[in-house]
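K.L.:
Pasting model.txt below, which is compact mmCIF, C-alpha atoms and all ligand atoms.
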# COMPACT_ATOMS: atom_id res chain seq x y z
CA MET D 373 26.53 45.73 -16.70
CA PHE D 374 24.21 42.94 -15.51
CA VAL D 375 26.82 40.31 -16.38
CA ILE D 376 29.44 42.19 -14.33
CA PHE D 377 27.03 42.40 -11.39
CA CYS D 378 26.39 38.63 -11.58
CA ARG D 379 30.10 37.80 -11.80
CA ILE D 380 30.97 40.05 -8.83
CA PHE D 381 28.14 38.48 -6.82
CA GLN D 382 29.44 34.98 -7.64
CA PHE D 383 33.02 35.95 -6.83
CA ILE D 384 32.05 37.26 -3.39
CA PHE D 385 29.60 34.46 -2.74
CA ASN D 386 32.39 31.97 -3.39
CA PHE D 387 34.26 33.32 -0.35
CA VAL D 388 31.15 33.13 1.80
CA VAL D 389 30.29 29.52 0.92
CA LYS D 390 33.82 28.35 1.69
CA PHE D 391 33.20 29.12 5.38
CA LEU D 392 29.91 27.22 5.63
CA PRO D 393 29.89 24.03 7.71
CA TRP D 394 29.72 21.62 4.76
CA ARG D 395 29.24 17.93 5.42
CA LYS D 396 28.42 14.81 3.44
CA ALA D 397 25.60 12.33 3.91
CA ALA D 398 27.15 9.19 5.40
CA LEU D 399 27.05 6.49 2.77
CA VAL D 400 25.61 3.03 3.35
CA GLU D 401 25.79 1.01 0.14
CA GLY D 402 25.32 -2.43 -1.32
CA ALA D 403 22.57 -4.91 -2.17
CA GLY D 404 20.30 -5.42 0.84
CA CYS D 405 21.77 -2.52 2.83
CA ILE D 406 18.29 -1.25 3.82
CA GLY D 407 18.62 -3.98 6.48
CA LYS D 408 21.04 -1.67 8.29
CA ILE D 409 18.39 1.00 8.97
CA PRO D 410 17.40 -0.34 12.45
CA GLU D 411 21.07 -0.32 13.46
CA LEU D 412 21.28 3.37 12.50
CA LEU D 413 18.09 4.18 14.43
CA HIS D 414 19.42 2.40 17.53
CA LYS D 415 22.75 4.20 17.19
CA HIS D 416 20.99 7.58 17.45
CA LYS D 417 18.46 6.38 20.07
CA LEU D 418 15.55 7.02 17.70
CA LYS D 419 12.22 5.42 18.48
CA MET D 420 9.57 6.54 16.02
CA PRO D 421 10.56 7.00 12.38
CA MET D 422 8.22 8.53 9.84
CA LEU D 423 8.48 6.85 6.45
CA VAL D 424 7.65 9.28 3.64
CA THR D 425 7.00 7.76 0.24
CA ASP D 426 4.54 7.59 -2.67
CA GLU D 427 1.73 5.31 -3.82
CA GLY D 428 3.78 3.94 -6.73
CA LEU D 429 6.36 2.51 -4.34
CA VAL D 430 3.61 1.07 -2.15
CA LYS D 431 2.10 -0.70 -5.18
CA ALA D 432 5.53 -1.92 -6.29
CA GLY D 433 6.06 -3.45 -2.83
CA ILE D 434 9.19 -1.38 -2.22
CA ALA D 435 7.75 0.58 0.72
CA GLN D 436 6.78 -2.75 2.27
CA ARG D 437 10.44 -3.83 2.25
CA ILE D 438 11.35 -0.91 4.54
CA ILE D 439 8.26 -1.56 6.68
CA ASP D 440 9.29 -5.21 7.03
CA VAL D 441 12.79 -4.17 8.11
CA LEU D 442 11.34 -1.83 10.76
CA ALA D 443 8.72 -4.35 11.93
CA LYS D 444 11.31 -7.13 12.21
CA ALA D 445 13.36 -4.88 14.49
CA HIS D 446 10.18 -4.05 16.51
CA PHE D 447 10.16 -0.37 15.65
CA PRO D 448 6.84 1.48 15.69
CA TYR D 449 6.57 3.69 12.63
CA LEU D 450 4.31 6.09 10.79
CA VAL D 451 3.90 5.85 7.03
CA PHE D 452 2.91 8.70 4.71
CA THR D 453 2.32 7.54 1.15
CA GLY D 454 0.76 10.63 -0.41
CA VAL D 455 3.77 12.28 -2.06
CA GLU D 456 2.95 13.29 -5.63
CA PRO D 457 5.39 14.14 -8.44
CA ASN D 458 6.54 17.76 -7.95
CA PRO D 459 5.36 17.71 -4.30
CA SER D 460 3.15 20.56 -3.19
CA VAL D 461 3.18 22.91 -0.22
CA ASN D 462 -0.02 21.15 1.00
CA THR D 463 1.70 17.78 1.04
CA VAL D 464 4.64 19.21 2.98
CA ASN D 465 2.25 20.75 5.52
CA LYS D 466 0.36 17.45 5.91
CA ILE D 467 3.59 15.54 6.57
CA GLN D 468 4.67 18.18 9.10
CA GLU D 469 1.34 17.98 10.96
CA LEU D 470 1.36 14.17 11.11
CA TYR D 471 4.99 14.08 12.22
CA ILE D 472 4.28 16.38 15.15
CA GLU D 473 0.91 14.81 16.01
CA GLN D 474 2.34 11.28 16.13
CA LYS D 475 5.50 12.39 17.97
CA CYS D 476 7.89 11.03 15.39
CA ASP D 477 11.60 11.64 15.95
CA CYS D 478 13.20 11.08 12.53
CA PHE D 479 12.47 10.82 8.81
CA ILE D 480 13.05 7.97 6.40
CA ALA D 481 12.46 9.32 2.89
CA LEU D 482 11.96 6.57 0.33
CA GLY D 483 11.64 7.43 -3.33
CA GLY D 484 12.96 9.58 -6.10
CA GLY D 485 13.44 13.30 -5.75
CA SER D 486 9.80 13.97 -4.88
CA ALA D 487 9.60 11.90 -1.69
CA MET D 488 12.92 13.27 -0.52
CA ASP D 489 12.00 16.85 -1.36
CA ALA D 490 8.67 16.55 0.46
CA ALA D 491 10.27 15.00 3.54
CA LYS D 492 13.08 17.56 3.58
CA GLY D 493 10.57 20.40 3.23
CA ALA D 494 8.49 18.94 6.08
CA ALA D 495 11.61 18.47 8.24
CA ALA D 496 12.49 22.14 7.69
CA CYS D 497 8.95 23.16 8.67
CA VAL D 498 9.14 20.95 11.79
CA VAL D 499 12.14 22.89 13.09
CA ARG D 500 10.77 26.24 11.89
CA PRO D 501 7.05 25.86 12.67
CA LYS D 502 6.33 29.59 12.48
CA LYS D 503 7.57 29.90 8.92
CA SER D 504 5.79 28.91 5.71
CA VAL D 505 7.43 27.01 2.86
CA GLU D 506 7.55 30.27 0.94
CA GLN D 507 9.38 31.97 3.80
CA LEU D 508 11.86 29.10 4.02
CA SER D 509 12.56 29.07 0.30
CA GLY D 510 15.83 30.55 -0.85
CA LEU D 511 19.32 30.13 0.43
CA LEU D 512 20.11 29.50 4.12
CA LYS D 513 16.70 30.37 5.50
CA VAL D 514 16.29 27.32 7.76
CA LEU D 515 19.54 27.58 9.74
CA LYS D 516 18.56 24.96 12.27
CA LYS D 517 19.45 21.29 12.68
CA LEU D 518 16.79 19.00 11.19
CA PRO D 519 15.57 15.80 12.84
CA PRO D 520 17.75 12.82 11.79
CA PHE D 521 17.08 12.18 8.12
CA ILE D 522 17.69 8.91 6.30
CA ALA D 523 17.41 9.14 2.52
CA VAL D 524 16.69 5.95 0.60
CA PRO D 525 16.67 6.70 -3.14
CA THR D 526 14.76 4.38 -5.44
CA THR D 527 16.04 6.03 -8.61
CA ALA D 528 19.58 6.94 -9.57
CA GLY D 529 19.46 10.55 -10.58
CA THR D 530 18.19 13.28 -8.32
CA GLY D 531 21.12 13.16 -5.93
CA SER D 532 18.68 14.43 -3.35
CA GLU D 533 20.22 11.96 -0.87
CA THR D 534 23.23 14.26 -0.64
CA THR D 535 22.00 17.73 -1.61
CA ILE D 536 21.02 20.86 0.24
CA ALA D 537 17.87 21.39 -1.80
CA ALA D 538 14.17 20.63 -1.57
CA LEU D 539 11.86 21.76 -4.37
CA ILE D 540 8.26 22.33 -3.39
CA THR D 541 5.55 23.49 -5.80
CA ASP D 542 2.92 26.08 -5.00
CA THR D 543 -0.13 24.56 -6.71
CA GLU D 544 -1.86 27.93 -7.09
CA THR D 545 0.94 29.84 -8.80
CA HIS D 546 2.74 26.70 -10.15
CA HIS D 547 5.95 28.22 -8.87
CA LYS D 548 8.62 25.93 -7.48
CA HIS D 549 10.04 27.01 -4.15
CA ALA D 550 13.63 25.91 -3.64
CA ILE D 551 14.60 25.54 0.01
CA MET D 552 18.39 25.41 0.08
CA ASP D 553 20.27 25.00 3.31
CA ILE D 554 23.16 22.87 4.51
CA CYS D 555 20.97 21.44 7.26
CA LEU D 556 18.92 19.76 4.49
CA ILE D 557 21.79 17.41 3.63
CA PRO D 558 20.52 14.01 4.85
CA ARG D 559 22.35 12.34 7.73
CA TYR D 560 22.50 9.02 5.84
CA ALA D 561 22.21 8.00 2.19
CA ILE D 562 21.23 4.35 1.84
CA LEU D 563 22.16 3.18 -1.67
CA ASP D 564 20.59 -0.23 -2.12
CA PRO D 565 20.63 -1.17 -5.82
CA GLU D 566 17.92 -3.80 -5.24
CA LEU D 567 15.43 -0.96 -4.82
CA THR D 568 16.10 0.34 -8.33
CA MET D 569 15.85 -3.05 -10.08
CA GLY D 570 12.21 -2.70 -11.05
CA LEU D 571 12.49 0.81 -12.48
CA PRO D 572 11.01 1.06 -15.97
CA PRO D 573 13.57 1.87 -18.70
CA SER D 574 12.03 5.31 -19.37
CA ILE D 575 12.49 6.37 -15.72
CA THR D 576 15.97 4.83 -15.62
CA ALA D 577 16.85 6.92 -18.68
CA ILE D 578 15.60 10.32 -17.57
CA THR D 579 16.83 10.03 -14.00
CA GLY D 580 20.23 8.94 -15.30
CA ILE D 581 20.42 11.97 -17.60
CA ASP D 582 19.43 14.15 -14.64
CA ALA D 583 22.47 12.84 -12.75
CA LEU D 584 24.61 13.47 -15.84
CA THR D 585 23.31 17.04 -16.01
CA HIS D 586 24.17 17.62 -12.35
CA ALA D 587 27.72 16.50 -13.02
CA ILE D 588 28.06 18.57 -16.22
CA GLU D 589 26.59 21.77 -14.78
CA ALA D 590 28.75 21.41 -11.66
CA TYR D 591 31.82 20.89 -13.82
CA LEU D 592 31.05 23.89 -16.04
CA CYS D 593 30.70 26.31 -13.13
CA TRP D 594 33.47 28.87 -13.10
CA THR D 595 33.66 29.23 -9.33
CA TYR D 596 32.26 27.65 -6.09
CA GLY D 597 33.71 24.24 -7.05
CA THR D 598 36.30 22.45 -4.94
CA ARG D 599 38.90 19.89 -5.91
CA GLU D 600 36.60 17.21 -4.55
CA SER D 601 33.49 18.44 -6.37
CA ILE D 602 35.43 18.57 -9.66
CA ARG D 603 36.73 15.03 -9.11
CA PHE D 604 33.25 13.77 -8.20
CA ALA D 605 31.72 15.45 -11.27
CA LEU D 606 34.29 13.80 -13.56
CA ASP D 607 33.81 10.41 -11.85
CA ALA D 608 30.05 10.70 -12.29
CA VAL D 609 30.34 11.53 -16.02
CA LYS D 610 32.65 8.54 -16.56
CA ILE D 611 30.39 6.14 -14.65
CA ILE D 612 27.19 7.36 -16.33
CA PHE D 613 28.53 7.02 -19.87
CA ALA D 614 29.72 3.50 -19.02
CA ASN D 615 26.54 2.33 -17.29
CA LEU D 616 23.40 4.29 -18.16
CA GLU D 617 22.57 2.51 -21.40
CA LYS D 618 23.51 -0.82 -19.80
CA VAL D 619 20.79 -0.38 -17.15
CA TYR D 620 18.38 1.05 -19.72
CA ASN D 621 18.77 -2.11 -21.83
CA ASP D 622 19.01 -4.55 -18.93
CA GLY D 623 17.27 -3.36 -15.77
CA ASN D 624 18.47 -6.44 -13.89
CA ASN D 625 22.15 -5.60 -14.20
CA ILE D 626 22.75 -5.03 -10.49
CA GLU D 627 26.40 -3.95 -10.85
CA ALA D 628 25.41 -1.25 -13.35
CA ARG D 629 22.47 -0.25 -11.12
CA GLN D 630 24.84 0.14 -8.19
CA ALA D 631 27.30 2.12 -10.31
CA MET D 632 24.50 4.50 -11.34
CA GLN D 633 23.55 5.03 -7.69
CA ILE D 634 27.14 5.95 -6.86
CA ALA D 635 27.27 8.28 -9.89
CA SER D 636 24.06 9.97 -8.79
CA TYR D 637 25.45 10.44 -5.27
CA LYS D 638 28.72 11.86 -6.60
CA ALA D 639 26.97 14.17 -9.05
CA GLY D 640 24.65 15.28 -6.24
CA PHE D 641 27.64 16.11 -4.07
CA ALA D 642 29.31 17.97 -6.95
CA PHE D 643 26.36 20.23 -7.68
CA THR D 644 25.69 20.80 -4.00
CA ARG D 645 29.09 22.47 -3.80
CA ALA D 646 29.38 23.94 -7.29
CA GLY D 647 25.78 24.70 -8.21
CA VAL D 648 23.74 23.85 -11.26
CA GLY D 649 22.91 26.32 -14.03
CA ASN D 650 20.64 27.48 -16.82
CA ILE D 651 19.64 23.93 -17.78
CA HIS D 652 18.11 23.34 -14.37
CA ALA D 653 16.61 26.80 -14.20
CA ILE D 654 14.67 26.17 -17.45
CA ALA D 655 13.79 22.60 -16.44
CA HIS D 656 12.34 23.81 -13.13
CA ALA D 657 10.12 26.30 -14.96
CA LEU D 658 8.88 23.45 -17.19
CA GLY D 659 8.21 21.26 -14.17
CA GLY D 660 6.33 24.02 -12.36
CA LEU D 661 4.15 24.98 -15.35
CA TYR D 662 3.49 21.66 -17.08
CA LYS D 663 4.48 19.07 -14.47
CA THR D 664 7.11 17.87 -16.95
CA PRO D 665 9.08 15.17 -15.09
CA HIS D 666 12.31 16.80 -13.98
CA GLY D 667 14.57 14.23 -15.64
CA LEU D 668 12.74 14.53 -18.95
CA ALA D 669 12.97 18.32 -18.87
CA VAL D 670 16.72 18.36 -18.19
CA ALA D 671 17.34 15.62 -20.76
CA VAL D 672 15.73 17.72 -23.49
CA VAL D 673 17.31 21.00 -22.39
CA LEU D 674 20.84 19.66 -21.72
CA PRO D 675 22.30 19.26 -25.23
CA LYS D 676 20.60 22.42 -26.51
CA VAL D 677 22.07 24.67 -23.83
CA LEU D 678 25.52 23.07 -24.16
CA GLU D 679 25.38 23.78 -27.89
CA ASP D 680 24.27 27.34 -27.26
CA TYR D 681 27.13 28.02 -24.79
CA GLY D 682 29.49 27.68 -27.77
CA LYS D 683 33.21 28.41 -27.52
CA LYS D 684 33.06 29.28 -23.81
CA VAL D 685 32.67 25.61 -22.89
CA HIS D 686 34.60 23.84 -25.64
CA LYS D 687 37.67 23.19 -23.53
CA LYS D 688 35.72 21.77 -20.60
CA LEU D 689 33.42 19.72 -22.83
CA ALA D 690 36.52 18.34 -24.58
CA ILE D 691 37.79 17.13 -21.19
CA LEU D 692 34.37 15.61 -20.49
CA ALA D 693 34.45 13.84 -23.87
CA GLU D 694 37.83 12.34 -22.94
CA THR D 695 36.59 11.43 -19.45
CA ALA D 696 33.54 9.73 -20.94
CA GLY D 697 35.84 7.67 -23.15
CA LEU D 698 34.46 9.13 -26.38
CA VAL D 699 37.85 10.26 -27.63
CA ALA D 700 41.45 9.70 -26.57
CA LYS D 701 43.37 12.55 -24.99
CA THR D 702 46.10 12.03 -27.56
CA GLU D 703 43.78 12.15 -30.55
CA LYS D 704 44.49 15.10 -32.80
CA LYS D 705 41.17 16.88 -32.64
CA THR D 706 40.40 20.44 -31.60
CA ASN D 707 38.52 21.20 -28.41
CA ALA D 708 35.59 22.32 -30.55
CA GLU D 709 35.51 18.95 -32.31
CA LYS D 710 35.71 17.02 -29.04
CA ALA D 711 32.96 19.22 -27.54
CA ARG D 712 30.81 18.50 -30.61
CA MET D 713 31.35 14.76 -30.09
CA PHE D 714 30.26 15.08 -26.48
CA ILE D 715 27.06 16.97 -27.37
CA ASP D 716 26.26 14.65 -30.30
CA THR D 717 26.68 11.61 -28.06
CA ILE D 718 24.15 13.06 -25.61
CA TYR D 719 21.71 13.64 -28.50
CA SER D 720 22.15 10.10 -29.79
CA MET D 721 22.00 8.55 -26.32
CA ASN D 722 18.75 10.48 -25.71
CA GLU D 723 17.37 9.21 -28.99
CA ARG D 724 18.28 5.59 -28.27
CA MET D 725 16.54 5.88 -24.91
CA GLY D 726 13.34 7.34 -26.40
CA ILE D 727 13.83 10.89 -25.11
CA PRO D 728 12.26 13.48 -27.44
CA LYS D 729 14.23 16.36 -28.96
CA GLY D 730 11.72 19.00 -27.94
CA LEU D 731 8.74 19.68 -25.69
CA ASP D 732 5.70 20.92 -27.59
CA CYS D 733 3.71 21.49 -24.37
CA ILE D 734 5.25 24.99 -24.13
CA LYS D 735 2.61 27.64 -24.81
CA ASP D 736 3.41 31.08 -26.21
CA ASP D 737 1.55 32.83 -23.39
CA ASP D 738 3.66 31.03 -20.79
CA ILE D 739 7.04 31.98 -22.23
CA PRO D 740 7.34 35.37 -20.41
CA LYS D 741 6.61 33.61 -17.10
CA MET D 742 9.19 30.91 -17.87
CA ILE D 743 11.78 33.55 -18.74
CA GLU D 744 11.10 35.34 -15.47
CA TRP D 745 11.30 32.19 -13.33
CA ALA D 746 14.38 30.79 -15.03
CA GLY D 747 16.15 34.16 -14.87
CA LYS D 748 15.30 34.60 -11.22
CA GLU D 749 16.60 31.16 -10.34
CA SER D 750 19.78 31.40 -12.35
CA ASN D 751 20.93 34.97 -11.83
CA PRO D 752 22.97 36.10 -10.06
CA LEU D 753 23.46 32.90 -8.02
CA TYR D 754 24.40 30.16 -10.49
CA PRO D 755 28.04 30.31 -11.62
CA VAL D 756 27.13 29.49 -15.22
CA PRO D 757 29.67 29.72 -18.04
CA VAL D 758 27.36 32.04 -19.99
CA ILE D 759 24.93 34.40 -18.24
CA TYR D 760 21.55 34.34 -19.99
CA ASN D 761 19.56 37.53 -20.21
CA LYS D 762 15.81 37.52 -20.86
CA GLU D 763 16.24 37.48 -24.62
CA ARG D 764 18.57 34.48 -24.57
CA PHE D 765 16.30 32.55 -22.19
CA GLY D 766 13.41 33.31 -24.54
CA LYS D 767 15.30 32.09 -27.62
CA MET D 768 16.35 28.93 -25.82
CA ILE D 769 12.81 28.16 -24.61
CA LYS D 770 11.52 28.53 -28.18
CA LYS D 771 14.26 26.17 -29.42
CA ILE D 772 13.23 23.64 -26.79
CA ARG D 773 9.63 23.86 -28.00
CA ILE D 774 10.54 23.37 -31.64
CA GLY D 775 13.00 20.61 -30.84
CA ASN D 776 15.87 21.53 -33.09
FE FE D 801 18.29 17.75 -11.50
I'd like the structure from this file rewritten - as structure tokens, please.
P.N.:
Amino acid sequence: MFVIFCRIFQFIFNFVVKFLPWRKAALVEGAGCIGKIPELLHKHKLKMPMLVTDEGLVKAGIAQRIIDVLAKAHFPYLVFTGVEPNPSVNTVNKIQELYIEQKCDCFIALGGGSAMDAAKGAAACVVRPKKSVEQLSGLLKVLKKLPPFIAVPTTAGTGSETTIAALITDTETHHKHAIMDICLIPRYAILDPELTMGLPPSITAITGIDALTHAIEAYLCWTYGTRESIRFALDAVKIIFANLEKVYNDGNNIEARQAMQIASYKAGFAFTRAGVGNIHAIAHALGGLYKTPHGLAVAVVLPKVLEDYGKKVHKKLAILAETAGLVAKTEKKTNAEKARMFIDTIYSMNERMGIPKGLDCIKDDDIPKMIEWAGKESNPLYPVPVIYNKERFGKMIKKIRIGN
């Protein structure tokens, strides 16, 4: 009965989302393209950007590169460097206060998912000052144009530069609030591969697998997708299989870095339209409870859930195996065999990049909470190939803990 309810919800919701005013973040790409930021600010008559970033990027000198670009063009600016991993409601409120106090008129979010999430959350609060983060969380609760938003990713994975989502953690309950609204799609995505050159291999690996998971979950959705989102998901899978291990092994390979940024953007677009699924729902619970880095959580969960989906996804995973170049279309193998190759390749790629098979941080007492959070996030909204009930979420979480 519950499965029927979820499927009817998704079927109806599919009609609703088709009429939403979708748009894409305008793409600015190429080595050194952060130099175009002043031009964009002038174009929109903006005078006082707020740069939102984190201490790590300040120490790495990457924030300074944006500051130099702004200073050279004689722009005043405000810098906030206090974004933490899994940004909190407090951080979002601080950014909002400073933005208003200093009369800023646009955001430049520099970083991985966290900086972008925090800045998006703050931008939503700026236009809805009477609402709390909790009140804005959920689907289409903001419904108001945000200040101009320039997203400058320094990793290739979250896709946050093109998505409708901002994930903000309540530090008291550890729950992750997901604000999801079309107005959260950034105005510009600046993909400068030079900013990702210094990323350590471990971060390159987990953020890359995050992008791969976005593409796979978007592709596996049974509805919501469009021709474009399907094409983008397939493109992203192809690019990631061809480039992720290249950048993991040689961080200075700028062509591969750029390719991964494009893949992340495409995967981000695909899941913005088609949704993610149970893999992300479980990963978000892990992030909220144990601060597990998002990319690490999805990397561990991804192959296990794909395996667990079984027959329902064999045909689509077979297509993904062909797209990834793991097997020729003409090769005489069954869909089940091709799907197995795809899953096994993810396991072995994870292993080569030092990603563990399980996460032993999961505590028995926390499992009911994880089941509740993951279930609430996934159902009935996500158009997953297999609807998980509480029991199945529980079994999967235990498998993730054990690691096999
Ligand atoms: Fe993700």
K.L.:
Which of these, D:Ala608, D:Asp440, D:Glu469, D:Ile551, has the shortest distance to Gln507 (chain D) once you count all atoms listed in the file?
P.N.:
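Checking each candidate against Gln507 (chain D), we get D:Ile551 as the closest.
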K.L.:
Neighbouring residues of ligand FE 801 (chain D) are defined here as those with any atom at most 10 Å from a ligand atom, counting only C-alpha atoms and all ligand atoms; list them as a ChimeraX atom specification.
P.N.:
/D:485,529-532,578-587,589,639-640,643,648,651-653,655-656,666-671
K.L.:
Include C-alpha atoms and write out the residues we just selected as a PDB file, in the frame of the given file.
P.N.:
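part06.pdb written:
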ATOM      1  CA  GLY D 485      13.440  13.300  -5.750  1.00  0.00           C
ATOM      2  CA  GLY D 529      19.460  10.550 -10.580  1.00  0.00           C
ATOM      3  CA  THR D 530      18.190  13.280  -8.320  1.00  0.00           C
ATOM      4  CA  GLY D 531      21.120  13.160  -5.930  1.00  0.00           C
ATOM      5  CA  SER D 532      18.680  14.430  -3.350  1.00  0.00           C
ATOM      6  CA  ILE D 578      15.600  10.320 -17.570  1.00  0.00           C
ATOM      7  CA  THR D 579      16.830  10.030 -14.000  1.00  0.00           C
ATOM      8  CA  GLY D 580      20.230   8.940 -15.300  1.00  0.00           C
ATOM      9  CA  ILE D 581      20.420  11.970 -17.600  1.00  0.00           C
ATOM     10  CA  ASP D 582      19.430  14.150 -14.640  1.00  0.00           C
ATOM     11  CA  ALA D 583      22.470  12.840 -12.750  1.00  0.00           C
ATOM     12  CA  LEU D 584      24.610  13.470 -15.840  1.00  0.00           C
ATOM     13  CA  THR D 585      23.310  17.040 -16.010  1.00  0.00           C
ATOM     14  CA  HIS D 586      24.170  17.620 -12.350  1.00  0.00           C
ATOM     15  CA  ALA D 587      27.720  16.500 -13.020  1.00  0.00           C
ATOM     16  CA  GLU D 589      26.590  21.770 -14.780  1.00  0.00           C
ATOM     17  CA  ALA D 639      26.970  14.170  -9.050  1.00  0.00           C
ATOM     18  CA  GLY D 640      24.650  15.280  -6.240  1.00  0.00           C
ATOM     19  CA  PHE D 643      26.360  20.230  -7.680  1.00  0.00           C
ATOM     20  CA  VAL D 648      23.740  23.850 -11.260  1.00  0.00           C
ATOM     21  CA  ILE D 651      19.640  23.930 -17.780  1.00  0.00           C
ATOM     22  CA  HIS D 652      18.110  23.340 -14.370  1.00  0.00           C
ATOM     23  CA  ALA D 653      16.610  26.800 -14.200  1.00  0.00           C
ATOM     24  CA  ALA D 655      13.790  22.600 -16.440  1.00  0.00           C
ATOM     25  CA  HIS D 656      12.340  23.810 -13.130  1.00  0.00           C
ATOM     26  CA  HIS D 666      12.310  16.800 -13.980  1.00  0.00           C
ATOM     27  CA  GLY D 667      14.570  14.230 -15.640  1.00  0.00           C
ATOM     28  CA  LEU D 668      12.740  14.530 -18.950  1.00  0.00           C
ATOM     29  CA  ALA D 669      12.970  18.320 -18.870  1.00  0.00           C
ATOM     30  CA  VAL D 670      16.720  18.360 -18.190  1.00  0.00           C
ATOM     31  CA  ALA D 671      17.340  15.620 -20.760  1.00  0.00           C
TER      32      ALA D 671
END
K.L.:
Choose the residue, out of D:Ala614, D:Ile557, D:Leu698, D:Ile772, that has the smallest atom-to-atom separation from Ile522 (chain D); count all atoms listed in the file.
P.N.:
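With all atoms listed in the file as the atom set, the closest residue is D:Ile557.
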K.L.:
From the set D:Val441, D:Val389, D:Leu606, D:Ala631, which residue has the shortest atom-to-atom contact distance to Glu694 (chain D), counting only C-alpha atoms?
P.N.:
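Residue with the minimum atom-to-atom distance to Glu694 (chain D): D:Leu606.
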K.L.:
When distances are computed from only C-alpha atoms, which of D:Tyr620, D:Lys417, D:Val451, D:His446 shows the smallest separation from Gln474 (chain D)?
P.N.:
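Going through D:Tyr620, D:Lys417, D:Val451, D:His446 one by one, the smallest distance to Gln474 (chain D) is for D:Val451.
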K.L.:
Suppose you want the space between CA of Leu731 (chain D) and CA of Asp716 (chain D); what is it in Å?
P.N.:
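Answer for the CA of Leu731 (chain D) to CA of Asp716 (chain D) separation: 18.8 Å.
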K.L.:
Would you mind telling me which residue in D:Ala491, D:Cys476, D:Cys733, D:Ala538 lies nearest to Gly510 (chain D) when using only C-alpha atoms?
P.N.:
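So, comparing all the options, the nearest one is D:Ala538.
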K.L.:
For each of D:Leu678, D:Ser574, D:Tyr637, D:Arg712, take the minimum atom-to-atom distance to Pro728 (chain D), counting only C-alpha atoms, then give the residue where this is smallest.
P.N.:
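The answer is D:Ser574, which sits nearest to Pro728 (chain D).
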K.L.:
Can you tell me, as a PyMOL selection string, what residues are no more than 7 Å from region 493-502 of chain D when counting all atoms listed in the file, ignoring any on the same chain fewer than 2 positions away?
P.N.:
chain D and resi 464-465+467-468+489-491+504+514+516+518-519+538
K.L.:
Could you work out how far CA of Glu506 (chain D) lies from CA of Thr453 (chain D), giving the answer in Å with one decimal?
P.N.:
23.3 Å
K.L.:
Which residues are near Leu418 (chain D)? Cut-off 10 Å, all atoms listed in the file, ignore same chain within fewer than 3 positions. Put them as a list in words.
P.N.:
Pro410, Leu412, Leu413, His414, Lys415, Pro421, Phe447, Cys476, Asp477, Cys478 and Pro520 of chain D
K.L.:
Quick one: pull the distance between CA of Phe521 (chain D) and CA of Ile480 (chain D), Å, one decimal.
P.N.:
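So the answer is 6.1 Å.
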K.L.:
If we count all atoms listed in the file, what is near Pro459 (chain D) at a cut-off of 6 Å, once residues fewer than 2 positions away on the same chain are taken out, given as an MDAnalysis selection string?
P.N.:
chainID D and resid 456:457 486 490 540:541
K.L.:
May I have the selected residues written with C-alpha atoms, as a PDB file, in the frame of the given file?
P.N.:
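That gives us out-v2.pdb:
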ATOM      1  CA  GLU D 456       2.950  13.290  -5.630  1.00  0.00           C
ATOM      2  CA  PRO D 457       5.390  14.140  -8.440  1.00  0.00           C
ATOM      3  CA  SER D 486       9.800  13.970  -4.880  1.00  0.00           C
ATOM      4  CA  ALA D 490       8.670  16.550   0.460  1.00  0.00           C
ATOM      5  CA  ILE D 540       8.260  22.330  -3.390  1.00  0.00           C
ATOM      6  CA  THR D 541       5.550  23.490  -5.800  1.00  0.00           C
TER       7      THR D 541
END
K.L.:
Missing atoms in region 604-612 of chain D should be modelled up to N, CA and C atoms and reported as a short mmCIF file (atom, residue, chain, number, x, y, z; two decimals), in the coordinates of the input.
P.N.:
data_model
loop_
_atom_site.label_atom_id
_atom_site.label_comp_id
_atom_site.auth_asym_id
_atom_site.auth_seq_id
_atom_site.Cartn_x
_atom_site.Cartn_y
_atom_site.Cartn_z
N PHE D 604 34.52 14.52 -8.25
CA PHE D 604 33.25 13.77 -8.20
C PHE D 604 32.44 13.97 -9.49
N ALA D 605 32.47 15.20 -10.02
CA ALA D 605 31.72 15.45 -11.27
C ALA D 605 32.31 14.61 -12.41
N LEU D 606 33.64 14.58 -12.49
CA LEU D 606 34.29 13.80 -13.56
C LEU D 606 34.02 12.30 -13.37
N ASP D 607 34.10 11.84 -12.13
CA ASP D 607 33.81 10.41 -11.85
C ASP D 607 32.40 10.08 -12.31
N ALA D 608 31.47 10.97 -11.97
CA ALA D 608 30.05 10.70 -12.29
C ALA D 608 29.86 10.63 -13.81
N VAL D 609 30.49 11.55 -14.55
CA VAL D 609 30.34 11.53 -16.02
C VAL D 609 30.88 10.20 -16.57
N LYS D 610 32.04 9.80 -16.08
CA LYS D 610 32.65 8.54 -16.56
C LYS D 610 31.74 7.35 -16.27
N ILE D 611 31.24 7.29 -15.04
CA ILE D 611 30.39 6.14 -14.65
C ILE D 611 29.09 6.12 -15.45
N ILE D 612 28.50 7.30 -15.64
CA ILE D 612 27.19 7.36 -16.33
C ILE D 612 27.33 6.94 -17.80
#
